[in-house]
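Novice: Take this structure, written in structure tokens, and hold onto it; I'll ask about it next.
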Amino acid sequence: MGALAIKNVTKSFGDTDILKGINIDIDAGQFLILVGPSGCGKSTLMNIIAGLEGPTSGEVHIGDRVVNNVAPKDRDIAMVFQSYALYPTMNVRQNIAFGLETRKVPKAEQDEIIARVAKMLQIEHLLGRKPSELSGGQRQRVAMGRALARNPKLFLFDEPLSNLDAKLRVEMRAEIKQLHQRLKTTIVYVTHDQIEAMTLGDRIAVMKDGVIQQFGSPQEIYDSPANLFVAGFIGSPSMNFIPCHIAEQGGVLGVALQGEGEPVFFALPERLNVQGRVGQAVILGLRPEQFDQADAGGVACRIRITEPTGPDTMLLSQLNGRDIIARVHPRHAPAAGELCSLVPDLRKAVLFDPETQTRIG
Amino acid sequence: MAEQGKFWRAVVYGSLLIAAVYYLLPLYVMLTTSVKSMEEIRAGNLLSLPLDITFAAWSKAWSTACTGVECTGLQPYFWNSVAMVVPAVAISTALGAVNGYVLSKWQFRGSEVVFAMILFGVFIPFQVLLLPMAQTLGLFGMANSITGLVFVHVVCGLASTTLFFRNYYVGIPDELIKAARLDGAGFWRIFFRIILPMSTPILTVTVIWQFTQIWNDFLFGVVFSSIDSRPITVGLNNLANTSTSVKEYNVDMAAALIAALPTIVVYVLAGKYFVRGLTAGAVKG
Ligand SMILES: Nc1ncnc2c1ncn2[C@@H]1O[C@H](COP(=O)(O)OP(=O)(O)O)[C@@H](O)[C@H]1O
Ligand SMILES: [Mg+2]
């Protein structure tokens, strides 16, 4: 059953087109991530889903009804904001109760709901406090509590973790995921952090400049990015983009990679369908983990910098005149300045057209 | 180093002291003169302390001094002013708060233009309003009445109060309003339950500002009032200008102090909040 469908939604402020025809469709219980750089229109789309702003054109469906003309409060949604938006003059209990009061929920039932939500989020001991007396993480919990109290059909989270420090962010991320697994409510979650996007989402919509660049599962987006933007945005460190020409050697199609020394020819997998493109310029996309260190069959590279992260070591070098990063096991990692033989694993490589920037294979 | 620090500190405090004396001296002269008898005033010097404290001048200024032909003291003027100030401050502050709320949180097409026009109102010299205002008051049948004065002060105060509240509310995050809308609250419920409880600092500033402006106003008071609706500033002027055989300095001083007392009291009681309200940004979440 469809939980949320966005059909050809556009939004303009004056002459500026912020959203340029958004289409998204998700099922009940799914966790949708809207990810993209700051200013690409994520919050605007969120406000349109919530009904806080109207679309310039297009339709928003929640459940089985068109909600374009339904007031925010009647859309059966709850939202958690980046700034938490807790009412500063009310204590935590009043913050959670405010929406219930407005909806004329009987007092006894209110108390029951507040108790349940407070227990679920472990904020029982905070109920008497004002927001100014809470830490960032506690405010975050209260904001979620306020949303949970509503028991909505659809949760909207607009960058809920971006004001927390790194450690707390990882903790809350896990909690949100757990919450979703427990409640099975549909969630739309906005972030500009691609790690949050990958770890939380069932479905990811990558946005840029008011256009959805790709919509799919995290693995699809990671393995088969639709274009250079998505490929570069998702994954950390970013995918390496190496300019090459399709060449033929001994009846096999491939590309030549050159580090320090002579170019080395590598065959491309058949999956990439590059027949007929011999001689054409392409951009080879290789993720940092798609390199191995080996004594034979590699391309010699001068390592400029090494960045140990603990489990892996990042090697910064150059291929075909372009900076690249390879992720290798720290045990055999060379030192900066040394030569090293890197073997690209082209089985998962992707190719992009340098003109259109879209993936060709 | 320490010696030099002490020297400069002495210079700073010395200059502050001189400035303070400069400003306090008139008040001192007014206070002492108001509790002296006329004999003592004639005999003594301006700065001498009173030998024999008497409140006769205060009593006369309040209830029997002549302000033109009637000799009722400042008393009726004082109550006229109270009857004018209380509703005028309340209404102009309330309207300013709602205006500021709309202009910052419920912007509509053209609301920036409306705001710019209101802002313009802050800079209009009130003298140019006298004639059209007189016609308006006549039209509404409010000429020469306290109601009319309240109306004038509300209209003329609205620009400032709107500006105060609008600038304060701009600092309140919009997400708060969005959250409340999703919680099902409407325009007024958001205003009364969320915005107003956050407004104490700016309310204090506005009330003090408006109170001082309206209580101290002379121009509108003298132009738009009649014999039984004159505010205290006009009463004071009349009292001081009524020619008597001898100039009663003690009564004049007492009268001036009576006229100034309410604003002084307001500052003493709420001045702390005034400074805090002027410096504080919006309440942080
Ligand atoms: N009310 C508005 N009026 C004009 N421009 C706006 C308004 N709201 C947002 N914008 C513009 O729309 C763009 C997208 O904003 P937003 O949706 O907040 O981006 P994101 O949440 O992805 O960072 C920004 O360039 C922003 O300046
Ligand atoms: Mg945003």
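Numbering starts fresh at 1 for the residues of each chain in the structure tokens, the chains themselves are lettered A, B, ... in the order given, and ligands are numbered from 1 as they appear.
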Can you tell me, as a short mmCIF file (atom, residue, chain, number, x, y, z; two decimals) with all heavy atoms, in the first residue's frame, what residues are no more than 8 Å from Gly41 (chain A) when counting only C-alpha atoms, ignoring any on the same chain fewer than 4 positions away?

Specialist:
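Produced file out_14.cif, reproduced below:
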data_model
loop_
_atom_site.label_atom_id
_atom_site.label_comp_id
_atom_site.auth_asym_id
_atom_site.auth_seq_id
_atom_site.Cartn_x
_atom_site.Cartn_y
_atom_site.Cartn_z
N ILE A 18 12.65 26.34 -7.01
CA ILE A 18 13.39 25.60 -5.98
C ILE A 18 13.23 24.10 -6.18
O ILE A 18 14.18 23.35 -6.10
CB ILE A 18 12.90 26.01 -4.58
CG1 ILE A 18 13.07 27.53 -4.38
CG2 ILE A 18 13.65 25.23 -3.50
CD1 ILE A 18 14.49 28.01 -4.39
N LEU A 19 12.00 23.66 -6.44
CA LEU A 19 11.75 22.25 -6.74
C LEU A 19 11.27 22.13 -8.17
O LEU A 19 10.37 22.86 -8.59
CB LEU A 19 10.71 21.66 -5.78
CG LEU A 19 11.08 21.68 -4.29
CD1 LEU A 19 9.93 21.13 -3.44
CD2 LEU A 19 12.34 20.87 -4.04
N LEU A 45 10.71 20.70 0.37
CA LEU A 45 9.90 19.53 0.04
C LEU A 45 9.23 18.98 1.30
O LEU A 45 8.05 18.59 1.28
CB LEU A 45 10.79 18.46 -0.61
CG LEU A 45 10.11 17.17 -1.03
CD1 LEU A 45 8.94 17.46 -1.97
CD2 LEU A 45 11.09 16.22 -1.71
N MET A 207 19.04 14.33 -3.89
CA MET A 207 18.57 15.56 -4.53
C MET A 207 19.72 16.51 -4.81
O MET A 207 20.70 16.56 -4.08
CB MET A 207 17.59 16.29 -3.59
CG MET A 207 16.17 15.81 -3.67
SD MET A 207 15.14 16.73 -2.52
CE MET A 207 14.92 18.25 -3.40
N LYS A 208 19.56 17.27 -5.88
CA LYS A 208 20.48 18.38 -6.14
C LYS A 208 19.72 19.43 -6.94
O LYS A 208 19.02 19.09 -7.91
CB LYS A 208 21.69 17.88 -6.92
CG LYS A 208 22.73 18.94 -7.17
CD LYS A 208 23.76 18.42 -8.16
CE LYS A 208 24.58 19.55 -8.71
NZ LYS A 208 25.03 19.26 -10.07
N ASP A 209 19.85 20.68 -6.53
CA ASP A 209 19.21 21.80 -7.24
C ASP A 209 17.73 21.54 -7.54
O ASP A 209 17.25 21.85 -8.63
CB ASP A 209 19.94 22.07 -8.57
CG ASP A 209 21.38 22.48 -8.34
OD1 ASP A 209 21.68 22.94 -7.23
OD2 ASP A 209 22.20 22.31 -9.26
N GLY A 210 17.02 20.96 -6.60
CA GLY A 210 15.59 20.80 -6.77
C GLY A 210 15.19 19.68 -7.72
O GLY A 210 14.05 19.62 -8.15
#

Novice: Name all residues at most 12 Å from Ile172 (chain B) (count only C-alpha atoms; drop same-chain ones fewer than 2 positions away) and give them as number ranges by chain.

Specialist: A: 83, 85-88; B: 100-101, 104-105, 165-170, 174-178, 194-196, 198-199, 281-285

Novice: What would the file look like if the residues just selected were written as a compact mmCIF listing (two decimals), in the first residue's frame with N, CA, C and O atoms?

Specialist:
# COMPACT_ATOMS: atom_id res chain seq x y z
N SER A 83 16.11 22.31 14.70
CA SER A 83 16.35 23.09 15.92
C SER A 83 15.52 22.56 17.09
O SER A 83 15.44 23.19 18.12
N ALA A 85 12.74 22.87 17.99
CA ALA A 85 11.52 23.68 18.10
C ALA A 85 10.70 23.33 19.32
O ALA A 85 9.48 23.19 19.26
N LEU A 86 11.36 23.16 20.46
CA LEU A 86 10.62 22.96 21.70
C LEU A 86 10.12 24.32 22.18
O LEU A 86 10.81 25.31 22.02
N TYR A 87 8.91 24.33 22.77
CA TYR A 87 8.37 25.60 23.25
C TYR A 87 9.14 26.00 24.50
O TYR A 87 9.07 25.32 25.53
N PRO A 88 9.88 27.12 24.45
CA PRO A 88 10.85 27.41 25.50
C PRO A 88 10.24 27.72 26.86
O PRO A 88 10.89 27.52 27.88
N GLY B 100 3.33 42.97 15.27
CA GLY B 100 4.67 42.41 15.17
C GLY B 100 4.62 40.92 14.89
O GLY B 100 5.42 40.39 14.10
N TYR B 101 3.67 40.25 15.52
CA TYR B 101 3.49 38.81 15.34
C TYR B 101 3.13 38.50 13.89
O TYR B 101 3.72 37.63 13.24
N SER B 104 6.06 39.32 11.41
CA SER B 104 7.25 38.47 11.46
C SER B 104 6.93 37.01 11.20
O SER B 104 7.72 36.29 10.62
N LYS B 105 5.74 36.55 11.61
CA LYS B 105 5.46 35.12 11.56
C LYS B 105 4.33 34.72 10.61
O LYS B 105 4.14 33.55 10.34
N PHE B 165 8.04 44.99 18.64
CA PHE B 165 7.62 43.59 18.69
C PHE B 165 8.05 42.83 17.44
O PHE B 165 8.49 41.69 17.52
N ARG B 166 7.94 43.48 16.31
CA ARG B 166 8.32 42.80 15.07
C ARG B 166 9.79 42.40 15.13
O ARG B 166 10.16 41.27 14.84
N ASN B 167 10.65 43.32 15.55
CA ASN B 167 12.08 43.01 15.60
C ASN B 167 12.41 41.94 16.62
O ASN B 167 13.32 41.15 16.44
N TYR B 168 11.66 41.92 17.70
CA TYR B 168 11.87 40.88 18.71
C TYR B 168 11.41 39.53 18.18
O TYR B 168 12.10 38.52 18.30
N TYR B 169 10.26 39.51 17.55
CA TYR B 169 9.69 38.24 17.09
C TYR B 169 10.45 37.65 15.90
O TYR B 169 10.44 36.45 15.68
N VAL B 170 11.11 38.51 15.13
CA VAL B 170 11.91 38.01 14.01
C VAL B 170 12.98 37.05 14.53
O VAL B 170 13.35 36.08 13.86
N ASP B 174 11.24 30.33 13.18
CA ASP B 174 9.99 30.00 12.49
C ASP B 174 9.57 28.55 12.77
O ASP B 174 8.39 28.22 12.71
N GLU B 175 10.56 27.72 13.04
CA GLU B 175 10.23 26.30 13.26
C GLU B 175 9.29 26.12 14.45
O GLU B 175 8.51 25.17 14.50
N LEU B 176 9.38 27.05 15.40
CA LEU B 176 8.48 26.99 16.56
C LEU B 176 7.03 27.13 16.11
O LEU B 176 6.14 26.42 16.60
N ILE B 177 6.80 28.03 15.18
CA ILE B 177 5.45 28.24 14.67
C ILE B 177 5.01 27.01 13.87
O ILE B 177 3.88 26.53 13.99
N LYS B 178 5.94 26.47 13.08
CA LYS B 178 5.60 25.29 12.29
C LYS B 178 5.24 24.13 13.21
O LYS B 178 4.26 23.41 12.96
N ILE B 194 2.29 30.42 23.05
CA ILE B 194 3.71 30.24 22.76
C ILE B 194 4.45 31.57 22.66
O ILE B 194 5.47 31.79 23.31
N ILE B 195 3.93 32.48 21.86
CA ILE B 195 4.65 33.73 21.61
C ILE B 195 4.59 34.67 22.82
O ILE B 195 5.61 35.16 23.30
N LEU B 196 3.39 34.91 23.33
CA LEU B 196 3.25 35.86 24.42
C LEU B 196 4.06 35.48 25.66
O LEU B 196 4.72 36.33 26.24
N MET B 198 6.79 34.19 25.75
CA MET B 198 8.21 34.46 25.49
C MET B 198 8.49 35.95 25.43
O MET B 198 9.62 36.36 25.18
N SER B 199 7.46 36.78 25.62
CA SER B 199 7.59 38.20 25.28
C SER B 199 7.87 39.12 26.46
O SER B 199 7.88 40.34 26.29
N GLY B 281 18.51 39.22 23.08
CA GLY B 281 17.92 38.79 21.81
C GLY B 281 16.69 37.97 22.16
O GLY B 281 16.23 37.99 23.30
N ALA B 282 16.19 37.27 21.20
CA ALA B 282 15.04 36.42 21.46
C ALA B 282 15.45 35.30 22.41
O ALA B 282 16.63 34.98 22.53
N VAL B 283 14.47 34.77 23.08
CA VAL B 283 14.74 33.69 24.00
C VAL B 283 15.28 32.49 23.23
O VAL B 283 14.74 32.12 22.20
N LYS B 284 16.33 31.93 23.74
CA LYS B 284 16.88 30.78 23.02
C LYS B 284 16.13 29.51 23.42
O LYS B 284 15.73 29.36 24.56
N GLY B 285 15.97 28.61 22.44
CA GLY B 285 15.28 27.35 22.70
C GLY B 285 16.09 26.57 23.67
O GLY B 285 15.64 25.75 24.40

Novice: What does the list of residues within 12 Å of ligand 1 look like if you count only C-alpha atoms and all ligand atoms, written as a PyMOL selection string?

Specialist: (chain A and resi 10-20+34-48+52-54+81-82+157-160+162+189-193+206-212) or (chain B and resi 105-109+174-175)

Novice: Could you pull the residues within 12 Å of Phe352 (chain A), counting only C-alpha atoms, minus those fewer than 2 positions along the same chain, as a ChimeraX atom specification?

Specialist: /A:224-232,240-246,272,274,280-286,349-350,354-361

Novice: Write the residues you've just listed into a file as a CSV table (one decimal), in the first residue's frame, and include N, CA and C atoms for each of them.

Specialist:
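Below is the file that was written, part29.csv:
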chain,number,residue,atom,x,y,z
A,224,SER,N,25.4,1.4,-8.2
A,224,SER,CA,25.1,1.9,-9.6
A,224,SER,C,24.6,3.3,-9.6
A,225,PRO,N,25.4,4.3,-9.2
A,225,PRO,CA,25.0,5.7,-9.2
A,225,PRO,C,24.6,6.1,-10.6
A,226,ALA,N,23.5,6.9,-10.6
A,226,ALA,CA,23.0,7.3,-11.9
A,226,ALA,C,23.9,8.3,-12.6
A,227,ASN,N,24.6,9.1,-11.9
A,227,ASN,CA,25.5,10.1,-12.5
A,227,ASN,C,26.7,10.5,-11.6
A,228,LEU,N,27.5,11.3,-12.1
A,228,LEU,CA,28.7,11.7,-11.4
A,228,LEU,C,28.4,12.3,-10.1
A,229,PHE,N,27.3,13.1,-10.0
A,229,PHE,CA,27.0,13.8,-8.8
A,229,PHE,C,26.7,12.8,-7.7
A,230,VAL,N,25.8,11.8,-8.0
A,230,VAL,CA,25.4,10.8,-7.0
A,230,VAL,C,26.6,10.0,-6.6
A,231,ALA,N,27.4,9.6,-7.6
A,231,ALA,CA,28.6,8.8,-7.3
A,231,ALA,C,29.5,9.5,-6.4
A,232,GLY,N,29.7,10.8,-6.6
A,232,GLY,CA,30.6,11.6,-5.7
A,232,GLY,C,30.1,11.9,-4.4
A,240,ASN,N,36.5,7.5,-6.9
A,240,ASN,CA,37.6,8.1,-7.7
A,240,ASN,C,37.1,8.2,-9.1
A,241,PHE,N,37.3,9.3,-9.7
A,241,PHE,CA,36.9,9.5,-11.1
A,241,PHE,C,38.2,9.7,-12.0
A,242,ILE,N,38.4,8.6,-12.8
A,242,ILE,CA,39.7,8.6,-13.6
A,242,ILE,C,39.3,8.7,-15.1
A,243,PRO,N,39.8,9.8,-15.7
A,243,PRO,CA,39.6,10.0,-17.2
A,243,PRO,C,40.4,8.9,-18.0
A,244,CYS,N,39.7,8.2,-18.9
A,244,CYS,CA,40.3,7.2,-19.7
A,244,CYS,C,39.7,7.2,-21.1
A,245,HIS,N,40.3,6.4,-22.0
A,245,HIS,CA,39.7,6.2,-23.3
A,245,HIS,C,39.5,4.7,-23.4
A,246,ILE,N,38.4,4.3,-24.0
A,246,ILE,CA,38.1,2.9,-24.3
A,246,ILE,C,39.1,2.4,-25.3
A,272,LEU,N,29.6,-3.9,-18.8
A,272,LEU,CA,29.7,-2.5,-19.0
A,272,LEU,C,29.2,-2.1,-20.5
A,274,VAL,N,30.6,-1.8,-23.6
A,274,VAL,CA,31.3,-0.7,-24.2
A,274,VAL,C,31.7,-0.9,-25.7
A,280,GLN,N,36.6,6.3,-27.5
A,280,GLN,CA,35.8,7.4,-26.8
A,280,GLN,C,36.4,7.7,-25.4
A,281,ALA,N,36.3,8.9,-25.0
A,281,ALA,CA,36.7,9.3,-23.7
A,281,ALA,C,35.6,8.9,-22.7
A,282,VAL,N,35.9,8.4,-21.6
A,282,VAL,CA,35.0,8.0,-20.5
A,282,VAL,C,35.6,8.4,-19.2
A,283,ILE,N,34.7,8.4,-18.2
A,283,ILE,CA,35.3,8.6,-16.8
A,283,ILE,C,35.0,7.3,-16.1
A,284,LEU,N,36.1,6.7,-15.6
A,284,LEU,CA,36.0,5.4,-14.9
A,284,LEU,C,35.8,5.7,-13.4
A,285,GLY,N,34.7,5.2,-12.9
A,285,GLY,CA,34.5,5.4,-11.4
A,285,GLY,C,34.9,4.2,-10.6
A,286,LEU,N,35.8,4.4,-9.7
A,286,LEU,CA,36.3,3.3,-8.9
A,286,LEU,C,36.2,3.7,-7.4
A,349,ALA,N,33.4,-1.7,-11.3
A,349,ALA,CA,33.6,-0.3,-11.8
A,349,ALA,C,32.4,0.2,-12.6
A,350,VAL,N,32.3,1.5,-12.6
A,350,VAL,CA,31.2,2.1,-13.4
A,350,VAL,C,31.9,3.1,-14.4
A,354,PRO,N,31.7,11.7,-20.0
A,354,PRO,CA,32.2,13.0,-19.5
A,354,PRO,C,31.3,14.2,-20.0
A,355,GLU,N,30.6,14.1,-21.1
A,355,GLU,CA,29.7,15.2,-21.5
A,355,GLU,C,28.5,15.3,-20.7
A,356,THR,N,27.7,14.2,-20.7
A,356,THR,CA,26.4,14.3,-20.0
A,356,THR,C,26.5,14.0,-18.5
A,357,GLN,N,27.6,13.5,-18.1
A,357,GLN,CA,27.9,13.1,-16.7
A,357,GLN,C,27.0,12.0,-16.2
A,358,THR,N,26.3,11.3,-17.1
A,358,THR,CA,25.5,10.2,-16.6
A,358,THR,C,26.2,8.9,-16.8
A,359,ARG,N,25.7,7.8,-16.1
A,359,ARG,CA,26.4,6.6,-16.2
A,359,ARG,C,26.1,5.9,-17.5
A,360,ILE,N,27.1,5.3,-18.1
A,360,ILE,CA,26.9,4.6,-19.4
A,360,ILE,C,27.0,3.1,-19.2
A,361,GLY,N,27.5,2.7,-18.0
A,361,GLY,CA,27.7,1.2,-17.8
A,361,GLY,C,28.2,1.0,-16.5

Novice: For chain A, list the residues within 9 Å of chain B, counting only C-alpha atoms, and write the list as an mmCIF file with N, CA, C and O atoms, in the first residue's frame.

Specialist:
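out.cif was written with the following content:
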data_model
loop_
_atom_site.group_PDB
_atom_site.id
_atom_site.type_symbol
_atom_site.label_atom_id
_atom_site.label_comp_id
_atom_site.auth_asym_id
_atom_site.auth_seq_id
_atom_site.Cartn_x
_atom_site.Cartn_y
_atom_site.Cartn_z
ATOM 1 N N ASN A 47 8.397 20.686 3.981
ATOM 2 C CA ASN A 47 7.313 21.591 4.354
ATOM 3 C C ASN A 47 6.087 21.366 3.477
ATOM 4 O O ASN A 47 4.956 21.523 3.932
ATOM 5 N N ALA A 50 4.407 18.320 4.724
ATOM 6 C CA ALA A 50 3.729 18.603 5.995
ATOM 7 C C ALA A 50 2.541 19.533 5.811
ATOM 8 O O ALA A 50 1.701 19.640 6.695
ATOM 9 N N GLY A 51 2.499 20.246 4.662
ATOM 10 C CA GLY A 51 1.410 21.185 4.445
ATOM 11 C C GLY A 51 1.697 22.561 5.005
ATOM 12 O O GLY A 51 0.818 23.418 5.056
ATOM 13 N N LEU A 52 2.942 22.786 5.443
ATOM 14 C CA LEU A 52 3.291 24.106 5.964
ATOM 15 C C LEU A 52 3.469 25.098 4.821
ATOM 16 O O LEU A 52 3.393 26.296 5.005
ATOM 17 N N ALA A 71 -5.222 20.721 5.895
ATOM 18 C CA ALA A 71 -4.372 21.492 6.808
ATOM 19 C C ALA A 71 -3.323 20.576 7.437
ATOM 20 O O ALA A 71 -3.562 19.376 7.595
ATOM 21 N N PRO A 72 -2.166 21.145 7.808
ATOM 22 C CA PRO A 72 -1.092 20.334 8.389
ATOM 23 C C PRO A 72 -1.578 19.452 9.539
ATOM 24 O O PRO A 72 -1.220 18.277 9.633
ATOM 25 N N LYS A 73 -2.405 20.011 10.397
ATOM 26 C CA LYS A 73 -2.809 19.273 11.594
ATOM 27 C C LYS A 73 -3.709 18.087 11.261
ATOM 28 O O LYS A 73 -3.852 17.171 12.056
ATOM 29 N N ASP A 74 -4.322 18.127 10.081
ATOM 30 C CA ASP A 74 -5.228 17.035 9.715
ATOM 31 C C ASP A 74 -4.578 16.014 8.786
ATOM 32 O O ASP A 74 -5.256 15.164 8.222
ATOM 33 N N ARG A 75 -3.264 16.104 8.616
ATOM 34 C CA ARG A 75 -2.603 15.186 7.684
ATOM 35 C C ARG A 75 -2.115 13.917 8.349
ATOM 36 O O ARG A 75 -1.507 13.065 7.707
ATOM 37 N N ILE A 77 0.364 13.498 10.530
ATOM 38 C CA ILE A 77 1.816 13.451 10.452
ATOM 39 C C ILE A 77 2.399 14.080 11.711
ATOM 40 O O ILE A 77 1.702 14.771 12.443
ATOM 41 N N ALA A 78 3.663 13.820 11.967
ATOM 42 C CA ALA A 78 4.366 14.530 13.033
ATOM 43 C C ALA A 78 5.759 14.813 12.515
ATOM 44 O O ALA A 78 6.281 14.072 11.692
ATOM 45 N N MET A 79 6.332 15.911 13.013
ATOM 46 C CA MET A 79 7.601 16.335 12.444
ATOM 47 C C MET A 79 8.596 16.647 13.555
ATOM 48 O O MET A 79 8.243 17.214 14.578
ATOM 49 N N VAL A 80 9.845 16.273 13.330
ATOM 50 C CA VAL A 80 10.929 16.638 14.237
ATOM 51 C C VAL A 80 11.840 17.600 13.483
ATOM 52 O O VAL A 80 12.266 17.299 12.372
ATOM 53 N N PHE A 81 12.101 18.757 14.095
ATOM 54 C CA PHE A 81 12.851 19.799 13.397
ATOM 55 C C PHE A 81 14.320 19.789 13.793
ATOM 56 O O PHE A 81 14.693 19.324 14.861
ATOM 57 N N GLN A 82 15.118 20.381 12.919
ATOM 58 C CA GLN A 82 16.554 20.473 13.158
ATOM 59 C C GLN A 82 16.858 21.222 14.457
ATOM 60 O O GLN A 82 17.717 20.832 15.228
ATOM 61 N N SER A 83 16.114 22.315 14.699
ATOM 62 C CA SER A 83 16.351 23.094 15.921
ATOM 63 C C SER A 83 15.522 22.557 17.087
ATOM 64 O O SER A 83 15.437 23.189 18.115
ATOM 65 N N TYR A 84 14.871 21.431 16.887
ATOM 66 C CA TYR A 84 14.000 20.773 17.873
ATOM 67 C C TYR A 84 12.684 21.514 18.067
ATOM 68 O O TYR A 84 11.664 20.908 18.323
ATOM 69 N N ALA A 85 12.737 22.872 17.986
ATOM 70 C CA ALA A 85 11.516 23.680 18.097
ATOM 71 C C ALA A 85 10.696 23.327 19.324
ATOM 72 O O ALA A 85 9.480 23.194 19.257
ATOM 73 N N LEU A 86 11.356 23.162 20.463
ATOM 74 C CA LEU A 86 10.615 22.961 21.705
ATOM 75 C C LEU A 86 10.119 24.318 22.183
ATOM 76 O O LEU A 86 10.807 25.315 22.022
ATOM 77 N N TYR A 87 8.912 24.334 22.771
ATOM 78 C CA TYR A 87 8.366 25.600 23.254
ATOM 79 C C TYR A 87 9.138 26.003 24.501
ATOM 80 O O TYR A 87 9.075 25.323 25.527
ATOM 81 N N PRO A 88 9.881 27.120 24.446
ATOM 82 C CA PRO A 88 10.854 27.413 25.501
ATOM 83 C C PRO A 88 10.236 27.721 26.860
ATOM 84 O O PRO A 88 10.888 27.522 27.877
ATOM 85 N N THR A 89 8.999 28.202 26.883
ATOM 86 C CA THR A 89 8.433 28.568 28.179
ATOM 87 C C THR A 89 7.676 27.403 28.828
ATOM 88 O O THR A 89 7.168 27.538 29.926
ATOM 89 N N MET A 90 7.596 26.291 28.136
ATOM 90 C CA MET A 90 6.878 25.138 28.705
ATOM 91 C C MET A 90 7.875 24.066 29.121
ATOM 92 O O MET A 90 8.924 23.912 28.488
ATOM 93 N N PHE A 98 1.039 19.712 24.682
ATOM 94 C CA PHE A 98 0.429 20.825 23.937
ATOM 95 C C PHE A 98 -0.428 20.357 22.758
ATOM 96 O O PHE A 98 -1.581 20.759 22.606
ATOM 97 N N GLY A 99 0.157 19.488 21.947
ATOM 98 C CA GLY A 99 -0.575 19.005 20.781
ATOM 99 C C GLY A 99 -1.779 18.155 21.163
ATOM 100 O O GLY A 99 -2.804 18.166 20.479
ATOM 101 N N LEU A 100 -1.642 17.426 22.264
ATOM 102 C CA LEU A 100 -2.752 16.576 22.711
ATOM 103 C C LEU A 100 -3.901 17.445 23.209
ATOM 104 O O LEU A 100 -5.072 17.197 22.906
ATOM 105 N N THR A 102 -4.526 20.504 22.291
ATOM 106 C CA THR A 102 -5.148 21.154 21.136
ATOM 107 C C THR A 102 -6.134 20.213 20.467
ATOM 108 O O THR A 102 -7.166 20.628 19.966
ATOM 109 N N ARG A 103 -5.790 18.930 20.479
ATOM 110 C CA ARG A 103 -6.680 17.943 19.851
ATOM 111 C C ARG A 103 -7.751 17.435 20.797
ATOM 112 O O ARG A 103 -8.463 16.483 20.500
ATOM 113 N N PRO A 131 13.128 23.327 28.438
ATOM 114 C CA PRO A 131 14.100 22.991 27.386
ATOM 115 C C PRO A 131 15.492 23.578 27.632
ATOM 116 O O PRO A 131 16.500 22.948 27.337
ATOM 117 N N SER A 132 15.541 24.793 28.207
ATOM 118 C CA SER A 132 16.851 25.419 28.430
ATOM 119 C C SER A 132 17.673 24.656 29.464
ATOM 120 O O SER A 132 18.869 24.874 29.589
ATOM 121 N N ARG A 150 1.839 11.732 19.177
ATOM 122 C CA ARG A 150 0.760 11.880 18.213
ATOM 123 C C ARG A 150 0.354 10.547 17.611
ATOM 124 O O ARG A 150 -0.737 10.390 17.096
#

Novice: Can you tell me which residues surround Gly121 (chain B) at a distance of at most 12 Å, considering only C-alpha atoms, apart from same-chain residues fewer than 2 positions away, and format the answer as a list in words?

Specialist: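 Residues meeting the cut-off are Val114, Phe115, Ala116, Met117, Ile118, Leu119, Phe123, Ile124, Pro125, Phe126, Val128, Leu129, Val155, Cys156, Gly157, Leu158, Ala159, Ser160, Thr161, Thr162 and Leu163 of chain B.
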
Novice: For Val188 (chain A), work out the shell of residues within 6 Å, counting only C-alpha atoms and skipping chain neighbours fewer than 4 positions away, then give it as number ranges by chain.

Specialist: A: 32-33, 156

Novice: Write out the residues from the selection above, keeping C-alpha atoms, as an mmCIF file, in the first residue's frame.

Specialist:
data_model
loop_
_atom_site.group_PDB
_atom_site.id
_atom_site.type_symbol
_atom_site.label_atom_id
_atom_site.label_comp_id
_atom_site.auth_asym_id
_atom_site.auth_seq_id
_atom_site.Cartn_x
_atom_site.Cartn_y
_atom_site.Cartn_z
ATOM 1 C CA LEU A 32 12.756 7.253 3.035
ATOM 2 C CA ILE A 33 15.851 9.412 3.083
ATOM 3 C CA LEU A 156 8.921 13.671 9.130
#

Novice: Which residues, written as a list in words, have at least one atom at most 10 Å from Glu248 (chain A), with only C-alpha atoms counted and residues fewer than 6 positions away on the same chain left out?

Specialist: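 Everything that qualifies: Gly254, Val255, Ala256, Phe265, Phe266, Ala267, Gln275, Arg277, Val278 and Gly279 of chain A.
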
Novice: DSSP on the backbone: what in region 7-189 of chain A comes out strand (DSSP E or B), as an MDAnalysis selection string?

Specialist: chainID A and resid 7:13 16:27 31:35 57:62 65:66 77:80 154:158 186:189

Novice: Separation of CA of Arg116 (chain A) and CA of Met144 (chain A), in Å?

Specialist: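 CA of Arg116 (chain A) sits 12.9 Å away from CA of Met144 (chain A).
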
Novice: How many Å separate CA of Leu269 (chain B) from CA of Val207 (chain B)?

Specialist: 12.3 Å

Novice: May I have the residues within 7 Å of Asp252 (chain B) as a PDB file with C-alpha atoms, in the first residue's frame, using only C-alpha atoms and disregarding those fewer than 4 positions away in the same chain?

Specialist:
ATOM      1  CA  ALA B 240       3.946  77.525  36.422  1.00  0.00           C
ATOM      2  CA  GLU B 248       6.335  80.374  44.480  1.00  0.00           C
ATOM      3  CA  ALA B 256       7.211  69.382  38.629  1.00  0.00           C
TER       4      ALA B 256
END
